[in-house]
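*Asks:* First the structure, which I've put down as structure tokens, then a few questions once you've had a look.
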Amino acid sequence: MSTLSSFFRLGLIAAVLLMTGCATTNQSAGVNDPLEGYNRAMYSFNDALDTAVIKPVAKGYDVVVPDPISHGVSNFFSNLNDITVIINDLLQGKFYQAYRDTYRFVLNSTVGVAGVFDVASLNGFTKNNEDFGQTLGVWGAEPGAYVVLPFFGPRNVRDSFGLIGDMFTDPVMYVEDDDARMAIIGTRVVDTRASLLKAEKVLDEAATDEYSYIRDAYMQRRQHLVYDGNPPEDDFDVFAE
């Protein structure tokens with residue numbers, strides 16, 4: 001994997017995770033953030049990188065590329081991600097969901113022309129969100145401390161390990177030609193970041209301390225995903241573990 005393609009891969013994840021700030025949260029008290037000084041410095045670094053490089057390119061992309069094409073690009077990458085989703089469905093014992101997600105992937109990959117058109121959602125096979133971090137949580141792994149990784153952005157200890165599995169199940173990582181892989185990953189970075197341009201306005205309006213807001217929203221959202229939207233009430237004490 002070339003150095004430049006690695007950079008774009010990391011930039012993608014940082015851009016995607018920016019979206020986690022767009023949720024209401026009041027979890028600051030007792031949040032597990034022993035590395036706050038380091039985390040704030042790394043958050044500032046990632047934010048500066050986004051402001052200087054990724055966001056300007058995404059704005060240009062948003063202006064130049066027509067909505068139908070950008071939606072098709074987003075659908076294409078979402079379809080590739082369904083491979084990771086299916087694997088984690090199986091690892092979590094969600095066999096019926098795995099069947100539905102497999103059907104979704106096959107339908108979009110064929111009738112939907114390699115996923116460019118999300119015909120599966122139109123037929124009731126909606127997108128699911130599963131990854132290796134969630135799988136580790138289902139298996140009983142605690143989230144651990146909050147940490148901001150360079151380029152990768154907000155994480156916790158559990159999701160940092162899960163990231164390894166996510167990368168190994170990303171089909172783009174297996175494109176042998178470095179230039180082709182770089183182009184695909186670069187397109188995914190820019191398209192994903194462009195899709196967040198409007199959403200980040202919510203963060204600007206809602207957050208007095210952007211770092212704390214994103215941290216709390218991230219931890220709360222990840223716990224929500226591990227329990228498929230129904231976490232035990234006392235499991236919100238996870239922030240104090």
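If you're wondering about the labels, chains in the structure tokens are A, B, ... by order shown, residues count from 1 in each chain, ligands from 1 in order shown.
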What's the 8 Å shell around segment 159-165 of chain A, counting only C-alpha atoms, without same-chain residues fewer than 3 positions away, as a ChimeraX atom specification?

*Replies:* /A:131-134,136,143,155-156,168-169

*Asks:* Would you mind writing down, as a list in words, each residue of segment 3-149 of chain A that DSSP on the backbone assigns to strand (DSSP E)?

*Replies:*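 Restricting segment 3-149 of chain A to strand (DSSP E) produces Tyr146, Val147, Val148 and Leu149 of chain A.
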
*Asks:* Could you jot down the atom CA of Val73 of chain A to atom CA of Asp47 of chain A separation for me, Å, one decimal place?

*Replies:*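 If I compute the distance from atom CA of Val73 of chain A to atom CA of Asp47 of chain A, I get 24.8 Å.
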
*Asks:* When you draw a straight line from atom CA of Pro150 of chain A to atom CA of Asp50 of chain A, how long is it in Å?

*Replies:*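 Separating atom CA of Pro150 of chain A from atom CA of Asp50 of chain A is a distance of 11.7 Å.
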
*Asks:* List every residue of segment 107-184 of chain A that DSSP, applied to the backbone, labels as alpha helix (DSSP H), and write the result as a PyMOL selection string.

*Replies:* chain A and resi 107-110+119-122+132-138+157-168+178-184

*Asks:* Of the residues A:His71, A:Met219, A:Tyr103, A:Asp209, which is the one nearest to Ala145 of chain A, using only C-alpha atoms?

*Replies:*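 Among A:His71, A:Met219, A:Tyr103, A:Asp209, it is A:Met219 that comes nearest to Ala145 of chain A.
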
*Asks:* Could you check the closest approach to Gly186 of chain A for each of A:Leu35, A:Val172, A:Val65, A:Ala199 and tell me which residue wins, using only C-alpha atoms?

*Replies:*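 Nearest to Gly186 of chain A: A:Val172.
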
*Asks:* Kindly give the distance, in Å, that separates atom CA of Leu80 of chain A and atom CA of Arg193 of chain A, rounded to a single decimal.

*Replies:*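 So the answer is 17.5 Å.
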
*Asks:* Identify which of the residues A:Asn75, A:Pro66, A:Asn129, A:Asp166 lies closest to Val113 of chain A, counting only C-alpha atoms when measuring atom-to-atom distances.

*Replies:* A:Asn75

*Asks:* Using only C-alpha atoms, pick whichever of A:Asp178, A:Asp118, A:Glu36, A:Glu200 has the shortest atom-to-atom distance to Lys55 of chain A.

*Replies:*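 Using only C-alpha atoms, the shortest distance to Lys55 of chain A belongs to A:Glu200.
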
*Asks:* Mind checking which residues fall within 8 Å of Met42 of chain A, counting only C-alpha atoms, ignoring those fewer than 3 positions away in the same chain, and posting them as a list in words?

*Replies:*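 Here the qualifying residues turn out to be Tyr38, Asn39, Phe45, Asn46, Val148, Leu149 and Pro150 of chain A.
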
*Asks:* Could you pull the residues within 12 Å of Ile83 of chain A, counting only C-alpha atoms, minus those fewer than 4 positions along the same chain, as a list in words?

*Replies:*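 Residues near the query, excluding close chain neighbours: Phe77, Ser78, Asn79, Ile87, Asn88, Asp89, Leu90, Ala98, Tyr99, Asp101, Thr102, Tyr103, Arg104, Phe105, Val106, Ser109, Lys127, Asn128, Asn129, Glu130, Asp131, Gly165, Asp166, Met167, Phe168, Thr169, Asp170, Pro171 and Val172 of chain A.
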
*Asks:* Between A:Ser74, A:Gln223, A:Ser212, A:Thr84, which residue has the minimum interatomic distance to Val138 of chain A, considering only C-alpha atoms?

*Replies:*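 Comparing A:Ser74, A:Gln223, A:Ser212, A:Thr84 against Val138 of chain A, the winner is A:Gln223.
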
*Asks:* Excluding Pro56 of chain A and its own-chain neighbours fewer than 4 positions away, which residues fall within 10 Å of it when counting only C-alpha atoms? Please give them as an mmCIF file with N, CA and C atoms, in the first residue's frame.

*Replies:*
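Dumped to around17.cif:
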data_model
loop_
_atom_site.group_PDB
_atom_site.id
_atom_site.type_symbol
_atom_site.label_atom_id
_atom_site.label_comp_id
_atom_site.auth_asym_id
_atom_site.auth_seq_id
_atom_site.Cartn_x
_atom_site.Cartn_y
_atom_site.Cartn_z
ATOM 1 N N ASP A 50 -7.922 18.657 8.181
ATOM 2 C CA ASP A 50 -9.186 18.662 7.457
ATOM 3 C C ASP A 50 -9.458 20.039 6.864
ATOM 4 N N THR A 51 -9.228 21.083 7.664
ATOM 5 C CA THR A 51 -9.492 22.451 7.218
ATOM 6 C C THR A 51 -8.586 22.853 6.063
ATOM 7 N N ALA A 52 -7.333 22.429 6.117
ATOM 8 C CA ALA A 52 -6.351 22.851 5.116
ATOM 9 C C ALA A 52 -6.399 22.034 3.832
ATOM 10 N N GLY A 60 -15.059 21.815 -3.430
ATOM 11 C CA GLY A 60 -14.977 21.884 -4.884
ATOM 12 C C GLY A 60 -15.714 20.738 -5.546
ATOM 13 N N TYR A 61 -15.554 19.555 -4.988
ATOM 14 C CA TYR A 61 -16.249 18.366 -5.486
ATOM 15 C C TYR A 61 -17.756 18.558 -5.413
ATOM 16 N N ASP A 62 -18.227 19.107 -4.310
ATOM 17 C CA ASP A 62 -19.657 19.314 -4.100
ATOM 18 C C ASP A 62 -20.237 20.283 -5.120
ATOM 19 N N VAL A 190 -12.987 12.159 -0.603
ATOM 20 C CA VAL A 190 -13.601 13.416 -1.008
ATOM 21 C C VAL A 190 -15.124 13.307 -1.019
ATOM 22 N N ARG A 193 -16.397 13.196 2.604
ATOM 23 C CA ARG A 193 -16.267 14.506 3.261
ATOM 24 C C ARG A 193 -17.280 15.487 2.719
ATOM 25 N N ALA A 194 -17.549 15.443 1.424
ATOM 26 C CA ALA A 194 -18.532 16.340 0.824
ATOM 27 C C ALA A 194 -19.925 16.099 1.399
#

*Asks:* Using only C-alpha atoms, which of A:Pro154, A:Asp177, A:Asp33, A:Tyr96 sits nearest Arg221 of chain A?

*Replies:*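 So, comparing all the options, the nearest one is A:Pro154.
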